[in-house]
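Chemist: Please see the structure below; I have some questions.
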Amino acid sequence: MNRKLLDPFEPEYPEAIEACLDDEYAVKCAFSHNGELLATTRSDGFCYIWDMDTLNVMRKLSHSDTALSGLSWSRSGRYILTYDEAGVCVVWDLQTQTIRVRVEFGSAIACARMHPRNSAQFVVCPVREAPSLVTIGKGEFAEPMIQLIRISAEGVDQKTKAASSTCCCFGKKGIYIFFGTAKGAIHAVHTTTLEVTCSVKLSSSAVNTVARNPRGSDIVTSSSDRILRVCEVYLPGQETRRKVVPAGTPPSITVITKIQDIVNRVHWAQALFSSSGDYIVSGIQHKAEHNIYIWDKLSGSLVKMLTGPNELLEDCAVHPLRAIYASVSTFGIIYMWTRVPQQNWNAFAPGFRELEENIDYVESEDIFDRRIVQENGGTVDCVLERILQDAHAVAGADETEMDIDVDITDNDPLFSDSDSQSEDDGFVIPVCVECDDKLPPTTVLSGLEAQQQPVNDEPAESGQTIIE
């Protein structure tokens, strides 16, 4: 599908379920940065990589026998981070299908995220330990460097005497890390100095999830008090889309929108931004309902409610480029939500007209005649007239001739991130071809052996082919 033919004013949220992926044990899901792959973690310790074009499994990664808690993609899509309830983090290399690094912690891991610009760094939030920033060594046998992050004195565990966090996420460029605590606070920590730059108290309830806006600097959080909060972030070096932050402005995290279901008071499974960053997407954990709600980010008004089957929703993910959502039910089934795109064929030519039904074309008798007699009695040479028209067109093109650069390709700004330069942006997962065992093995002949092979000059029978 040509993305430039899509209607730019079409709503960016899906309408219905298009496909179902039967994974049986799926728990969490996440799209890659370009949206070509979908990864799911399972309760049996495996991680499946799905191809979004064919909806088939491309890789099966065996983490451990313990149920996986979640996953995180690198920006290039080459590396993927998986973590389980036993405190083990594994970074996989999808190109070589090997483990890049394995790190063990003393307690279960609540959340872990990879750096959006540096695939050699990721942050981990253990349940009973202080969060850590892990840096992978450059050598093959180099040990990873683990740096503890002291966020605050809140939520200190009595046994380990360390302040733990419940969730985390990186900023857009990876300059800051946002941590949510069990005391309802959000802390912004600088990635280089590992010092707290700004903190804000959202409520007295624990912060369950935190996610950043892919097109801005704001974040969205979901808490145990069943309220979603959209926060505008003003930090040094952080870009914002709403207004220009003057120099010398103190860092701050401000709540601009609160979203909640006043009637049912349901719990939210996940809180995410849409691909454009203008909407908030969240699934509910209420009885046997599989519903996804979509709100406007600024006004907080409900825009769309997607109703699914009678299965409890476990997790949901948003496609980074298109109006595609993925949701996981308690039965391990992955539902793909999308809408039928309306292509704008007028992009080829302004005067292009789409036909609702077929029109019979009546061919004139003199359409292929060289000389046509006009109404005034004169004759026109069609071949000569066509040559003159082509000569005038070429002369007009020479006047406005310009150099066309065919070596440089620019991404469509509507579907790409301008400041997402990375050395591994062009990674494509290798495809493993499985040969059929019933086919006979192929014999490769050398050049001398091929010349010594006799040539059959007899005519071939019916249904046979002679290859020389």
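Chains: A, B, ... in order of the structure tokens. Residues: from 1 per chain. Ligands: from 1, in order shown.
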Set the distance at 12 Å and use only C-alpha atoms: which residues neighbour range 300-303 of chain A once local chain neighbours fewer than 3 positions away are removed? I'd like the list as a PyMOL selection string.

Modeler: chain A and resi 11-15+227-230+256-261+278-282+292-297+306

Chemist: Selected residues, C-alpha atoms, written as a PDB file, in the first residue's frame, please.

Modeler:
```pdb
ATOM      1  CA  PRO A  11      -9.192   9.348  11.717  1.00  0.00           C
ATOM      2  CA  GLU A  12      -6.109   7.674  13.126  1.00  0.00           C
ATOM      3  CA  TYR A  13      -7.929   5.144  15.298  1.00  0.00           C
ATOM      4  CA  PRO A  14      -9.227   1.730  14.148  1.00  0.00           C
ATOM      5  CA  GLU A  15     -12.817   0.583  13.924  1.00  0.00           C
ATOM      6  CA  ILE A 227      -7.184   8.078  36.906  1.00  0.00           C
ATOM      7  CA  LEU A 228      -5.114   8.725  33.781  1.00  0.00           C
ATOM      8  CA  ARG A 229      -3.007  11.876  33.914  1.00  0.00           C
ATOM      9  CA  VAL A 230      -1.373  13.668  30.982  1.00  0.00           C
ATOM     10  CA  ILE A 256      -2.765  19.219  32.118  1.00  0.00           C
ATOM     11  CA  THR A 257      -5.509  16.578  31.724  1.00  0.00           C
ATOM     12  CA  LYS A 258      -7.179  14.018  34.005  1.00  0.00           C
ATOM     13  CA  ILE A 259      -9.171  11.142  32.530  1.00  0.00           C
ATOM     14  CA  GLN A 260     -11.343   8.692  34.465  1.00  0.00           C
ATOM     15  CA  ASP A 261     -14.536   6.660  34.231  1.00  0.00           C
ATOM     16  CA  ASP A 278      -3.040  13.673  19.895  1.00  0.00           C
ATOM     17  CA  TYR A 279      -5.030  10.886  21.568  1.00  0.00           C
ATOM     18  CA  ILE A 280      -4.768   8.732  24.684  1.00  0.00           C
ATOM     19  CA  VAL A 281      -5.370   4.989  24.244  1.00  0.00           C
ATOM     20  CA  SER A 282      -6.106   2.662  27.144  1.00  0.00           C
ATOM     21  CA  ILE A 292     -10.340  -0.007  24.318  1.00  0.00           C
ATOM     22  CA  TYR A 293     -11.054   3.679  25.002  1.00  0.00           C
ATOM     23  CA  ILE A 294      -9.671   6.598  23.000  1.00  0.00           C
ATOM     24  CA  TRP A 295      -9.703  10.139  24.422  1.00  0.00           C
ATOM     25  CA  ASP A 296      -8.597  13.523  23.188  1.00  0.00           C
ATOM     26  CA  LYS A 297      -5.362  14.473  24.911  1.00  0.00           C
ATOM     27  CA  LEU A 306     -13.733  -0.168  20.620  1.00  0.00           C
TER      28      LEU A 306
END
```

Chemist: Tell me, as a list of chain:residue names, which residues lie within 9 Å of Ala182 in chain A, counting only C-alpha atoms; anything in the same chain fewer than 4 positions away does not count.

Modeler: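 So, after excluding close chain neighbours, the residues are A:Glu154, A:Gly155, A:Ser164, A:Ser165, A:Thr166, A:Ser204, A:Ser205, A:Ala206, A:Val207, A:Asn208.
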
Chemist: Filtering to all heavy atoms, could you give me those residues as a PDB file, in the first residue's frame?

Modeler:
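And here's again.pdb as it stands now:
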```pdb
ATOM      1  N   GLU A 154      11.406   8.255  49.199  1.00  0.00           N
ATOM      2  CA  GLU A 154      10.065   7.679  49.292  1.00  0.00           C
ATOM      3  C   GLU A 154      10.087   6.221  48.861  1.00  0.00           C
ATOM      4  O   GLU A 154      10.851   5.813  47.997  1.00  0.00           O
ATOM      5  CB  GLU A 154       9.090   8.460  48.420  1.00  0.00           C
ATOM      6  CG  GLU A 154       8.906   9.893  48.862  1.00  0.00           C
ATOM      7  CD  GLU A 154       7.914  10.614  47.969  1.00  0.00           C
ATOM      8  OE1 GLU A 154       7.491  10.011  46.977  1.00  0.00           O
ATOM      9  OE2 GLU A 154       7.573  11.756  48.270  1.00  0.00           O
ATOM     10  N   GLY A 155       9.219   5.442  49.447  1.00  0.00           N
ATOM     11  CA  GLY A 155       9.076   4.051  49.064  1.00  0.00           C
ATOM     12  C   GLY A 155      10.302   3.218  49.357  1.00  0.00           C
ATOM     13  O   GLY A 155      10.616   2.302  48.615  1.00  0.00           O
ATOM     14  N   SER A 164      12.554   1.861  45.651  1.00  0.00           N
ATOM     15  CA  SER A 164      12.183   1.139  44.435  1.00  0.00           C
ATOM     16  C   SER A 164      11.175   1.950  43.639  1.00  0.00           C
ATOM     17  O   SER A 164      10.545   2.881  44.151  1.00  0.00           O
ATOM     18  CB  SER A 164      11.587  -0.228  44.781  1.00  0.00           C
ATOM     19  OG  SER A 164      10.427  -0.070  45.587  1.00  0.00           O
ATOM     20  N   SER A 165      11.016   1.579  42.374  1.00  0.00           N
ATOM     21  CA  SER A 165      10.060   2.238  41.488  1.00  0.00           C
ATOM     22  C   SER A 165       9.186   1.173  40.849  1.00  0.00           C
ATOM     23  O   SER A 165       9.589   0.015  40.705  1.00  0.00           O
ATOM     24  CB  SER A 165      10.782   3.055  40.407  1.00  0.00           C
ATOM     25  OG  SER A 165      11.642   2.216  39.649  1.00  0.00           O
ATOM     26  N   THR A 166       7.992   1.560  40.460  1.00  0.00           N
ATOM     27  CA  THR A 166       7.030   0.619  39.892  1.00  0.00           C
ATOM     28  C   THR A 166       7.039   0.606  38.371  1.00  0.00           C
ATOM     29  O   THR A 166       6.631  -0.379  37.760  1.00  0.00           O
ATOM     30  CB  THR A 166       5.624   0.965  40.393  1.00  0.00           C
ATOM     31  OG1 THR A 166       5.324   2.339  40.050  1.00  0.00           O
ATOM     32  CG2 THR A 166       5.538   0.799  41.903  1.00  0.00           C
ATOM     33  N   SER A 204      -1.715  10.022  46.072  1.00  0.00           N
ATOM     34  CA  SER A 204      -1.228   9.124  47.117  1.00  0.00           C
ATOM     35  C   SER A 204      -1.256   7.669  46.687  1.00  0.00           C
ATOM     36  O   SER A 204      -0.827   6.787  47.442  1.00  0.00           O
ATOM     37  CB  SER A 204      -2.071   9.295  48.385  1.00  0.00           C
ATOM     38  OG  SER A 204      -3.444   9.032  48.106  1.00  0.00           O
ATOM     39  N   SER A 205      -1.754   7.387  45.481  1.00  0.00           N
ATOM     40  CA  SER A 205      -1.825   6.024  44.968  1.00  0.00           C
ATOM     41  C   SER A 205      -0.597   5.721  44.116  1.00  0.00           C
ATOM     42  O   SER A 205       0.053   6.628  43.583  1.00  0.00           O
ATOM     43  CB  SER A 205      -3.095   5.826  44.135  1.00  0.00           C
ATOM     44  OG  SER A 205      -4.249   6.110  44.904  1.00  0.00           O
ATOM     45  N   ALA A 206      -0.311   4.431  43.961  1.00  0.00           N
ATOM     46  CA  ALA A 206       0.865   4.008  43.210  1.00  0.00           C
ATOM     47  C   ALA A 206       0.685   4.275  41.723  1.00  0.00           C
ATOM     48  O   ALA A 206      -0.425   4.168  41.183  1.00  0.00           O
ATOM     49  CB  ALA A 206       1.133   2.518  43.440  1.00  0.00           C
ATOM     50  N   VAL A 207       1.781   4.606  41.065  1.00  0.00           N
ATOM     51  CA  VAL A 207       1.783   4.812  39.618  1.00  0.00           C
ATOM     52  C   VAL A 207       2.053   3.464  38.959  1.00  0.00           C
ATOM     53  O   VAL A 207       3.109   2.861  39.172  1.00  0.00           O
ATOM     54  CB  VAL A 207       2.840   5.848  39.200  1.00  0.00           C
ATOM     55  CG1 VAL A 207       2.825   6.047  37.690  1.00  0.00           C
ATOM     56  CG2 VAL A 207       2.603   7.167  39.914  1.00  0.00           C
ATOM     57  N   ASN A 208       1.106   2.992  38.158  1.00  0.00           N
ATOM     58  CA  ASN A 208       1.232   1.660  37.555  1.00  0.00           C
ATOM     59  C   ASN A 208       2.041   1.677  36.265  1.00  0.00           C
ATOM     60  O   ASN A 208       2.931   0.845  36.068  1.00  0.00           O
ATOM     61  CB  ASN A 208      -0.152   1.071  37.296  1.00  0.00           C
ATOM     62  CG  ASN A 208      -0.933   0.870  38.580  1.00  0.00           C
ATOM     63  OD1 ASN A 208      -0.348   0.593  39.635  1.00  0.00           O
ATOM     64  ND2 ASN A 208      -2.244   1.012  38.521  1.00  0.00           N
TER      65      ASN A 208
END
```

Chemist: Any chance you could list, as a VMD selection string, the residues in range 270-382 of chain A that come up strand (DSSP E) when DSSP is run on the backbone?

Modeler: chain A and resid 270 to 273 279 to 285 291 to 296 302 to 307 313 to 318 325 to 329 333 to 338 371 to 373 379 to 381

Chemist: Counting only C-alpha atoms, what is within 6 Å of Ala288 in chain A, bar same-chain residues fewer than 3 positions away, as a list in words?

Modeler: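 With the cut-off at 6 Å, the set is Asn310, Glu311 and Leu312 of chain A.
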
Chemist: Have a look at A:Leu81, A:Leu202, A:Met305, A:Cys316 and name the one nearest to Val255 in chain A; count only C-alpha atoms.

Modeler: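 Ranking A:Leu81, A:Leu202, A:Met305, A:Cys316 by distance to Val255 in chain A, first place goes to A:Leu202.
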
Chemist: Run DSSP on the backbone and grab whatever in range 243-385 of chain A lands in alpha helix (DSSP H); send it over as number ranges by chain.

Modeler: A: 382-385

Chemist: Please measure the separation of CA of Gly332 in chain A and CA of Asp23 in chain A, giving the value in Å to one decimal.

Modeler: 5.5 Å

Chemist: A:Leu133, A:Val431, A:Ala271, A:Val88: which is nearest Asn213 in chain A, counting only C-alpha atoms?

Modeler: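 Answer, going by the shortest atom-to-atom distance: A:Ala271.
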
Chemist: Between CA of Val57 in chain A and CA of Leu38 in chain A, what is the distance in Å, rounded to a tenth?

Modeler: 9.4 Å

Chemist: If we count only C-alpha atoms and set the cut-off at 6 Å, which residues sit around Ala108 in chain A, ignoring sequence neighbours fewer than 3 positions away in its own chain? Please answer as an mmCIF file with N, CA and C atoms, in the first residue's frame.

Modeler:
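Heads up, here's the output in part25.cif:
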```cif
data_model
loop_
_atom_site.group_PDB
_atom_site.id
_atom_site.type_symbol
_atom_site.label_atom_id
_atom_site.label_comp_id
_atom_site.auth_asym_id
_atom_site.auth_seq_id
_atom_site.Cartn_x
_atom_site.Cartn_y
_atom_site.Cartn_z
ATOM 1 N N GLU A 85 9.766 -12.851 35.906
ATOM 2 C CA GLU A 85 9.434 -12.642 37.316
ATOM 3 C C GLU A 85 10.529 -13.120 38.250
ATOM 4 N N ALA A 86 11.536 -13.808 37.724
ATOM 5 C CA ALA A 86 12.652 -14.279 38.547
ATOM 6 C C ALA A 86 13.791 -13.269 38.631
ATOM 7 N N GLY A 87 13.670 -12.128 37.958
ATOM 8 C CA GLY A 87 14.703 -11.097 38.001
ATOM 9 C C GLY A 87 15.781 -11.239 36.962
ATOM 10 N N PRO A 126 13.681 -3.194 39.488
ATOM 11 C CA PRO A 126 13.315 -4.353 40.318
ATOM 12 C C PRO A 126 12.287 -3.962 41.382
ATOM 13 N N VAL A 127 11.599 -4.967 41.915
ATOM 14 C CA VAL A 127 10.528 -4.692 42.872
ATOM 15 C C VAL A 127 11.095 -4.253 44.212
#
```

Chemist: Need to verify the contact set: Tyr48 in chain A, 7 Å, only C-alpha atoms, exclusion of same-chain residues closer than 6 positions in sequence. Can you return it as a ChimeraX atom specification?

Modeler: /A:39-41,57,59-61
